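Read the structure below first, then the notes.
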Amino acid sequence: MTHFLDIHTTPQDDLRHIIDNAISMKKSRAGRPKGALDEEQPLKDHMVALIFEKPSTRTRVSFDVGVRQMGGQTMVLSGADMQLGHGETIADTARVLSRYVDLIMIRTFEEQTLLEMAEYASVPVINGLTNASHPCQIMADVMTFEEHSGPIKGRKVVWSGDGNNVFASFAHAAKQFDFDLTFTGPPPLDPHPDLQGLYSIERNPDLAVQGADLVVTDTWVSMHDPQSARERRHNQLRGYQVNEALMAKAKEDALFMHCLPAHREDEATSAVMDGPHSVIFDEAENRLHAQKAIMRYCLGR
Ligand code: CP
Ligand code: NVA
């Protein structure tokens, strides 16, 4: 059973294969209408369940479109509307769904929910974001970097802001794809201790971005964070906003990424998001291509 649960638990060669496959699948359908079937249909006759316990725009639409382009069918399920949200165990849900569908993608809160789903499902399970990680996003980000700037190996990536779930997947990717990752942010919002050793810390954002090939940020308040933390986080993170002055200190051809959704003028200014360094919409598009390659990988096709 090949699940796609996290970047650090997926073999390096497989990650490389997924990125290369995503780039070639993207090229092969360039210019065609979004609803047109791919020439090859590796998901023909396949049914895919997309479960969301949190909101989503990109993950939901890109998985749905991706499955259809590859000839499969989808059902989008809201966690709250399933028995899962009313006390049925994850193990039983996994066993039942496995009798109906060929692949499960789940966006949930606790990492444990994802792991339990994978343990008890007899079909592949894909992580569509948990409180702890967001591997599909970072596969799209690596793909986007390489399309614009060449191999990511040995390059410098700087994360400015909250050491959150998206950062965690960048940290896993730094080891697997062999790039250099610097975290700049306030100590109370440091990344999870398990990630130590995968990145370096520079508290001063101006110094952190020196020599950066890529500057990344994300929302200051994630979906799993209490809304009551909003004001405190804004005060802690204000100095880590990605603005034109900060981007000017990175390499001249540095890229800017944000997984979206963004709070413009908080974690990043519109001048940067819509400016010459920004590749945020390529990044969003590449969710589609990267996840198609991930689904093929999981199904061995
Ligand atoms: N980047 C991302 O996962 O976006 P959604 O929350 O819209 O899916
Ligand atoms: N860190 C954000 C990413 C959203 C795609 C969150 O978890 O809400």
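Order determines the names: the first chain of the structure tokens is A, the second B, and so forth; residues in each chain are numbered 1 upward, and ligands are numbered 1 upward as they are shown.
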
Can I get the residues of range 45-101 of chain A within 10 Å of range 125-137 of chain A, each with the closest pair of atoms and their distance in Å to one decimal, using only C-alpha atoms, sorted chain first then ascending number, as a tab-separated table?
residue	atom	partner	partner_atom	distance
A:Ala49	CA	A:Val125	CA	9.7
A:Leu50	CA	A:Gly128	CA	8.8
A:Ile51	CA	A:Gly128	CA	8.7
A:Phe52	CA	A:Gly128	CA	8.4
A:Glu53	CA	A:Thr130	CA	9.6
A:Lys54	CA	A:Leu129	CA	9.1
A:Ser56	CA	A:Gly128	CA	9.7
A:Arg58	CA	A:Gln137	CA	9.8
A:Thr59	CA	A:Gly128	CA	6.9
A:Arg60	CA	A:Gly128	CA	8.9
A:Phe63	CA	A:Gly128	CA	9.4
A:Ala94	CA	A:Val125	CA	9.4
A:Ser98	CA	A:Val125	CA	10.0

Output of the above residues as a PDB file, in the first residue's frame, restricted to N, CA and C atoms:
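File produced: part16.pdb:
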ATOM      1  N   ALA A  49     -12.352   9.607  -2.816  1.00  0.00           N
ATOM      2  CA  ALA A  49     -13.043  10.373  -1.766  1.00  0.00           C
ATOM      3  C   ALA A  49     -12.134  11.502  -1.295  1.00  0.00           C
ATOM      4  N   LEU A  50     -12.683  12.704  -1.281  1.00  0.00           N
ATOM      5  CA  LEU A  50     -11.941  13.877  -0.804  1.00  0.00           C
ATOM      6  C   LEU A  50     -12.635  14.353   0.472  1.00  0.00           C
ATOM      7  N   ILE A  51     -11.998  14.143   1.621  1.00  0.00           N
ATOM      8  CA  ILE A  51     -12.620  14.464   2.909  1.00  0.00           C
ATOM      9  C   ILE A  51     -12.025  15.744   3.476  1.00  0.00           C
ATOM     10  N   PHE A  52     -12.904  16.661   3.850  1.00  0.00           N
ATOM     11  CA  PHE A  52     -12.440  17.945   4.405  1.00  0.00           C
ATOM     12  C   PHE A  52     -13.037  18.189   5.779  1.00  0.00           C
ATOM     13  N   GLU A  53     -12.173  18.230   6.778  1.00  0.00           N
ATOM     14  CA  GLU A  53     -12.605  18.629   8.120  1.00  0.00           C
ATOM     15  C   GLU A  53     -12.275  20.095   8.387  1.00  0.00           C
ATOM     16  N   LYS A  54     -11.663  20.750   7.401  1.00  0.00           N
ATOM     17  CA  LYS A  54     -11.356  22.184   7.469  1.00  0.00           C
ATOM     18  C   LYS A  54     -11.696  22.772   6.100  1.00  0.00           C
ATOM     19  N   SER A  56     -11.319  24.728   2.440  1.00  0.00           N
ATOM     20  CA  SER A  56     -10.302  24.634   1.393  1.00  0.00           C
ATOM     21  C   SER A  56     -10.842  25.194   0.084  1.00  0.00           C
ATOM     22  N   ARG A  58      -8.081  25.660  -2.820  1.00  0.00           N
ATOM     23  CA  ARG A  58      -7.113  25.046  -3.740  1.00  0.00           C
ATOM     24  C   ARG A  58      -7.102  23.519  -3.679  1.00  0.00           C
ATOM     25  N   THR A  59      -7.016  22.992  -2.471  1.00  0.00           N
ATOM     26  CA  THR A  59      -6.884  21.540  -2.328  1.00  0.00           C
ATOM     27  C   THR A  59      -8.121  20.853  -2.885  1.00  0.00           C
ATOM     28  N   ARG A  60      -9.259  21.413  -2.535  1.00  0.00           N
ATOM     29  CA  ARG A  60     -10.516  20.824  -2.970  1.00  0.00           C
ATOM     30  C   ARG A  60     -10.648  20.835  -4.493  1.00  0.00           C
ATOM     31  N   PHE A  63      -7.644  18.796  -6.476  1.00  0.00           N
ATOM     32  CA  PHE A  63      -7.803  17.334  -6.444  1.00  0.00           C
ATOM     33  C   PHE A  63      -8.978  16.903  -7.322  1.00  0.00           C
ATOM     34  N   ALA A  94     -12.392   4.317   7.904  1.00  0.00           N
ATOM     35  CA  ALA A  94     -11.379   3.925   6.914  1.00  0.00           C
ATOM     36  C   ALA A  94     -11.744   2.584   6.281  1.00  0.00           C
ATOM     37  N   SER A  98     -12.967   2.187   2.310  1.00  0.00           N
ATOM     38  CA  SER A  98     -12.121   1.344   1.446  1.00  0.00           C
ATOM     39  C   SER A  98     -12.944   0.353   0.624  1.00  0.00           C
TER      40      SER A  98
END

(message) Which residues are close to range 180-186 of chain A, i.e. within 6 Å by only C-alpha atoms, leaving aside same-chain residues fewer than 3 positions away? Reply as a ChimeraX atom specification.
(response) /A:155-161,189,199-203,205

(message) List the spatial neighbours of Pro193 in chain A as a PyMOL selection string - criterion: any atom at most 12 Å away, only C-alpha atoms, same-chain residues fewer than 6 positions off excluded.
(response) chain A and resi 132+163-164+168+171+187+199

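Comparing the minimum interatomic distances between Ser28 in chain A and each of A:Tyr120, A:Glu40, A:Met247, A:Ile90, counting only C-alpha atoms, we find that A:Glu40 sits nearest.
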
For Glu119 in chain A, list every protein, DNA or RNA residue within 9 Å, evaluated using only C-alpha atoms, and leave out those in the same chain fewer than 3 positions away; present the list as a compact mmCIF listing (two decimals) with N, CA and C atoms, in the first residue's frame.
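That gives us result.txt:
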# COMPACT_ATOMS: atom_id res chain seq x y z
N ALA A 91 -10.96 4.39 12.41
CA ALA A 91 -10.66 3.04 11.89
C ALA A 91 -11.87 2.47 11.14
N ALA A 94 -12.39 4.32 7.90
CA ALA A 94 -11.38 3.93 6.91
C ALA A 94 -11.74 2.58 6.28
N LEU A 114 -5.00 11.23 10.49
CA LEU A 114 -4.46 10.82 9.18
C LEU A 114 -3.77 9.46 9.29
N LEU A 115 -2.96 9.30 10.33
CA LEU A 115 -2.18 8.06 10.49
C LEU A 115 -3.12 6.87 10.73
N GLU A 116 -4.17 7.12 11.50
CA GLU A 116 -5.12 6.05 11.77
C GLU A 116 -5.89 5.69 10.51
N SER A 122 -7.68 0.13 3.34
CA SER A 122 -6.99 -0.82 2.45
C SER A 122 -6.81 -0.21 1.07

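Each residue with an atom within 7 Å of any atom of ligand 2 appears in the list, which was built counting only C-alpha atoms and all ligand atoms: Asn131, Asn164, Asn165, Val166, Asp218, Thr219, Val221, Ser222, Met223, His224, Cys259, Leu260 and Pro261 of chain A.
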
Hey, can you spit out that residue selection with N, CA and C atoms as a PDB file, in the first residue's frame?
ATOM      1  N   ASN A 131      -2.717  19.689  11.147  1.00  0.00           N
ATOM      2  CA  ASN A 131      -2.107  20.735  11.973  1.00  0.00           C
ATOM      3  C   ASN A 131      -0.579  20.667  11.895  1.00  0.00           C
ATOM      4  N   ASN A 164       4.904  27.016  11.261  1.00  0.00           N
ATOM      5  CA  ASN A 164       3.659  26.224  11.272  1.00  0.00           C
ATOM      6  C   ASN A 164       3.767  24.908  10.473  1.00  0.00           C
ATOM      7  N   ASN A 165       2.593  24.363  10.129  1.00  0.00           N
ATOM      8  CA  ASN A 165       2.510  23.097   9.403  1.00  0.00           C
ATOM      9  C   ASN A 165       3.155  23.163   8.015  1.00  0.00           C
ATOM     10  N   VAL A 166       3.008  24.293   7.338  1.00  0.00           N
ATOM     11  CA  VAL A 166       3.579  24.419   5.993  1.00  0.00           C
ATOM     12  C   VAL A 166       5.110  24.497   6.109  1.00  0.00           C
ATOM     13  N   ASP A 218       3.574  32.513   5.151  1.00  0.00           N
ATOM     14  CA  ASP A 218       2.231  31.927   5.221  1.00  0.00           C
ATOM     15  C   ASP A 218       1.433  32.774   6.203  1.00  0.00           C
ATOM     16  N   THR A 219       0.150  32.490   6.279  1.00  0.00           N
ATOM     17  CA  THR A 219      -0.724  33.222   7.188  1.00  0.00           C
ATOM     18  C   THR A 219      -0.162  33.238   8.614  1.00  0.00           C
ATOM     19  N   VAL A 221      -2.090  33.320  11.234  1.00  0.00           N
ATOM     20  CA  VAL A 221      -3.025  32.562  12.081  1.00  0.00           C
ATOM     21  C   VAL A 221      -3.580  31.418  11.232  1.00  0.00           C
ATOM     22  N   SER A 222      -3.171  30.199  11.557  1.00  0.00           N
ATOM     23  CA  SER A 222      -3.615  29.030  10.784  1.00  0.00           C
ATOM     24  C   SER A 222      -5.000  28.591  11.225  1.00  0.00           C
ATOM     25  N   MET A 223      -5.592  27.692  10.422  1.00  0.00           N
ATOM     26  CA  MET A 223      -6.966  27.246  10.695  1.00  0.00           C
ATOM     27  C   MET A 223      -7.091  26.569  12.058  1.00  0.00           C
ATOM     28  N   HIS A 224      -6.010  25.943  12.532  1.00  0.00           N
ATOM     29  CA  HIS A 224      -6.092  25.251  13.826  1.00  0.00           C
ATOM     30  C   HIS A 224      -5.722  26.158  15.002  1.00  0.00           C
ATOM     31  N   CYS A 259       1.574  29.849   0.113  1.00  0.00           N
ATOM     32  CA  CYS A 259       0.674  28.757  -0.291  1.00  0.00           C
ATOM     33  C   CYS A 259      -0.748  29.247  -0.535  1.00  0.00           C
ATOM     34  N   LEU A 260      -1.097  30.421   0.021  1.00  0.00           N
ATOM     35  CA  LEU A 260      -2.444  30.983  -0.052  1.00  0.00           C
ATOM     36  C   LEU A 260      -3.417  30.093   0.742  1.00  0.00           C
ATOM     37  N   PRO A 261      -4.483  30.570   1.321  1.00  0.00           N
ATOM     38  CA  PRO A 261      -4.943  31.956   1.221  1.00  0.00           C
ATOM     39  C   PRO A 261      -4.077  32.919   2.045  1.00  0.00           C
TER      40      PRO A 261
END

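Relative to CA of Pro42 in chain A, CA of Met70 in chain A is found at 5.8 Å.
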
(message) Using DSSP secondary structure from the backbone, list all alpha helix (DSSP H) positions within range 5-121 of chain A, as a ChimeraX atom specification.
(response) /A:12-28,58-69,90-100,111-120

Written selection (N, CA and C atoms) as a compact mmCIF listing (two decimals), in the first residue's frame:
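Written output follows (result_20.txt):
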# COMPACT_ATOMS: atom_id res chain seq x y z
N GLN A 12 13.22 9.32 -1.06
CA GLN A 12 13.78 10.41 -1.87
C GLN A 12 13.58 10.20 -3.38
N ASP A 13 13.87 9.00 -3.85
CA ASP A 13 13.77 8.72 -5.30
C ASP A 13 12.32 8.86 -5.76
N ASP A 14 11.39 8.47 -4.89
CA ASP A 14 9.98 8.56 -5.25
C ASP A 14 9.55 10.03 -5.33
N LEU A 15 10.06 10.85 -4.42
CA LEU A 15 9.72 12.28 -4.45
C LEU A 15 10.21 12.91 -5.75
N ARG A 16 11.43 12.55 -6.13
CA ARG A 16 12.01 13.10 -7.38
C ARG A 16 11.19 12.64 -8.58
N HIS A 17 10.80 11.39 -8.56
CA HIS A 17 10.01 10.83 -9.65
C HIS A 17 8.66 11.58 -9.75
N ILE A 18 8.05 11.88 -8.60
CA ILE A 18 6.76 12.58 -8.59
C ILE A 18 6.91 13.97 -9.21
N ILE A 19 7.97 14.69 -8.82
CA ILE A 19 8.17 16.05 -9.35
C ILE A 19 8.39 15.99 -10.88
N ASP A 20 9.25 15.10 -11.31
CA ASP A 20 9.55 15.00 -12.75
C ASP A 20 8.30 14.61 -13.54
N ASN A 21 7.53 13.70 -12.98
CA ASN A 21 6.30 13.26 -13.63
C ASN A 21 5.28 14.41 -13.70
N ALA A 22 5.21 15.19 -12.62
CA ALA A 22 4.27 16.33 -12.58
C ALA A 22 4.62 17.34 -13.67
N ILE A 23 5.92 17.61 -13.81
CA ILE A 23 6.35 18.59 -14.82
C ILE A 23 6.01 18.07 -16.23
N SER A 24 6.24 16.79 -16.46
CA SER A 24 5.96 16.29 -17.82
C SER A 24 4.46 16.17 -18.08
N MET A 25 3.67 15.81 -17.05
CA MET A 25 2.22 15.77 -17.26
C MET A 25 1.65 17.15 -17.52
N LYS A 26 2.22 18.16 -16.84
CA LYS A 26 1.77 19.55 -17.04
C LYS A 26 2.04 19.97 -18.49
N LYS A 27 3.25 19.67 -18.96
CA LYS A 27 3.62 20.04 -20.34
C LYS A 27 2.70 19.37 -21.35
N SER A 28 2.38 18.11 -21.08
CA SER A 28 1.64 17.33 -22.09
C SER A 28 0.21 17.83 -22.28
N ARG A 58 -8.08 25.66 -2.82
CA ARG A 58 -7.11 25.05 -3.74
C ARG A 58 -7.10 23.52 -3.68
N THR A 59 -7.02 22.99 -2.47
CA THR A 59 -6.88 21.54 -2.33
C THR A 59 -8.12 20.85 -2.88
N ARG A 60 -9.26 21.41 -2.53
CA ARG A 60 -10.52 20.82 -2.97
C ARG A 60 -10.65 20.83 -4.49
N VAL A 61 -10.43 21.99 -5.09
CA VAL A 61 -10.66 22.11 -6.54
C VAL A 61 -9.57 21.39 -7.33
N SER A 62 -8.32 21.52 -6.87
CA SER A 62 -7.23 20.92 -7.65
C SER A 62 -7.30 19.39 -7.62
N PHE A 63 -7.64 18.80 -6.48
CA PHE A 63 -7.80 17.33 -6.44
C PHE A 63 -8.98 16.90 -7.32
N ASP A 64 -10.08 17.63 -7.21
CA ASP A 64 -11.27 17.25 -7.96
C ASP A 64 -11.01 17.31 -9.47
N VAL A 65 -10.42 18.41 -9.92
CA VAL A 65 -10.13 18.56 -11.35
C VAL A 65 -9.08 17.53 -11.79
N GLY A 66 -8.08 17.32 -10.95
CA GLY A 66 -7.00 16.38 -11.29
C GLY A 66 -7.51 14.96 -11.50
N VAL A 67 -8.37 14.51 -10.59
CA VAL A 67 -8.94 13.16 -10.73
C VAL A 67 -9.71 13.06 -12.04
N ARG A 68 -10.52 14.07 -12.32
CA ARG A 68 -11.35 14.01 -13.54
C ARG A 68 -10.51 14.02 -14.80
N GLN A 69 -9.44 14.85 -14.81
CA GLN A 69 -8.57 14.88 -15.99
C GLN A 69 -7.95 13.51 -16.24
N ILE A 90 -12.29 6.52 13.47
CA ILE A 90 -11.56 6.72 12.22
C ILE A 90 -11.28 5.36 11.57
N ALA A 91 -10.96 4.39 12.41
CA ALA A 91 -10.66 3.04 11.89
C ALA A 91 -11.87 2.47 11.14
N ASP A 92 -13.05 2.59 11.72
CA ASP A 92 -14.24 2.06 11.05
C ASP A 92 -14.54 2.85 9.77
N THR A 93 -14.37 4.16 9.85
CA THR A 93 -14.59 4.99 8.65
C THR A 93 -13.64 4.56 7.54
N ALA A 94 -12.39 4.32 7.90
CA ALA A 94 -11.38 3.93 6.91
C ALA A 94 -11.74 2.58 6.28
N ARG A 95 -12.16 1.63 7.12
CA ARG A 95 -12.51 0.29 6.61
C ARG A 95 -13.71 0.36 5.67
N VAL A 96 -14.71 1.18 6.05
CA VAL A 96 -15.92 1.29 5.24
C VAL A 96 -15.62 1.98 3.90
N LEU A 97 -14.94 3.12 3.98
CA LEU A 97 -14.65 3.86 2.74
C LEU A 97 -13.85 3.02 1.77
N SER A 98 -12.97 2.19 2.31
CA SER A 98 -12.12 1.34 1.45
C SER A 98 -12.94 0.35 0.62
N ARG A 99 -14.17 0.07 1.06
CA ARG A 99 -15.04 -0.83 0.29
C ARG A 99 -15.71 -0.11 -0.89
N TYR A 100 -15.71 1.23 -0.83
CA TYR A 100 -16.42 2.00 -1.87
C TYR A 100 -15.48 2.72 -2.84
N GLU A 111 -2.68 14.99 13.38
CA GLU A 111 -1.92 14.08 12.51
C GLU A 111 -2.34 12.63 12.78
N GLN A 112 -2.68 12.36 14.04
CA GLN A 112 -3.09 11.00 14.44
C GLN A 112 -4.28 10.50 13.61
N THR A 113 -5.19 11.41 13.27
CA THR A 113 -6.37 11.03 12.47
C THR A 113 -5.92 10.51 11.10
N LEU A 114 -5.00 11.23 10.49
CA LEU A 114 -4.46 10.82 9.18
C LEU A 114 -3.77 9.46 9.29
N LEU A 115 -2.96 9.30 10.33
CA LEU A 115 -2.18 8.06 10.49
C LEU A 115 -3.12 6.87 10.73
N GLU A 116 -4.17 7.12 11.50
CA GLU A 116 -5.12 6.05 11.77
C GLU A 116 -5.89 5.69 10.51
N MET A 117 -6.26 6.69 9.74
CA MET A 117 -6.96 6.45 8.47
C MET A 117 -6.07 5.57 7.59
N ALA A 118 -4.79 5.90 7.53
CA ALA A 118 -3.87 5.14 6.68
C ALA A 118 -3.68 3.72 7.21
N GLU A 119 -3.66 3.59 8.52
CA GLU A 119 -3.43 2.27 9.12
C GLU A 119 -4.59 1.31 8.81
N TYR A 120 -5.81 1.84 8.85
CA TYR A 120 -6.97 0.95 8.71
C TYR A 120 -7.58 0.92 7.31

(request) Go ahead and compute the interatomic distance for CA of His8 in chain A and CA of Arg296 in chain A, in Å to one decimal. (result) 19.0 Å

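For His277 in chain A, the list of residues within 8 Å, based on only C-alpha atoms and with local chain neighbours fewer than 5 positions off taken out, reads Asp253, Ala254, Leu255, Phe256 and Val272 of chain A.
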
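Across the structure, CA of Phe281 in chain A and CA of Thr144 in chain A are spaced 9.8 Å apart.
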
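Checking A:His86, A:Arg32, A:His46, A:Lys251 one by one against Ser149 in chain A, counting only C-alpha atoms, you find the shortest gap at A:Lys251.
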
(message) Applying 6 Å and only C-alpha atoms, which residues near Lys44 in chain A remain after dropping the ones on its own chain fewer than 3 positions away? List them as a PyMOL selection string.
(response) chain A and resi 41+71-72

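Comparing A:Met75, A:Pro11, A:Thr217, A:Arg301 by their smallest distance to ligand 1, the closest is A:Thr217 (using only C-alpha atoms and all ligand atoms).
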
(request) Between A:Ala140, A:Gly31, A:Asp266, A:Ser278, single out the one closest to Gln236 in chain A, counting only C-alpha atoms. (result) A:Asp266
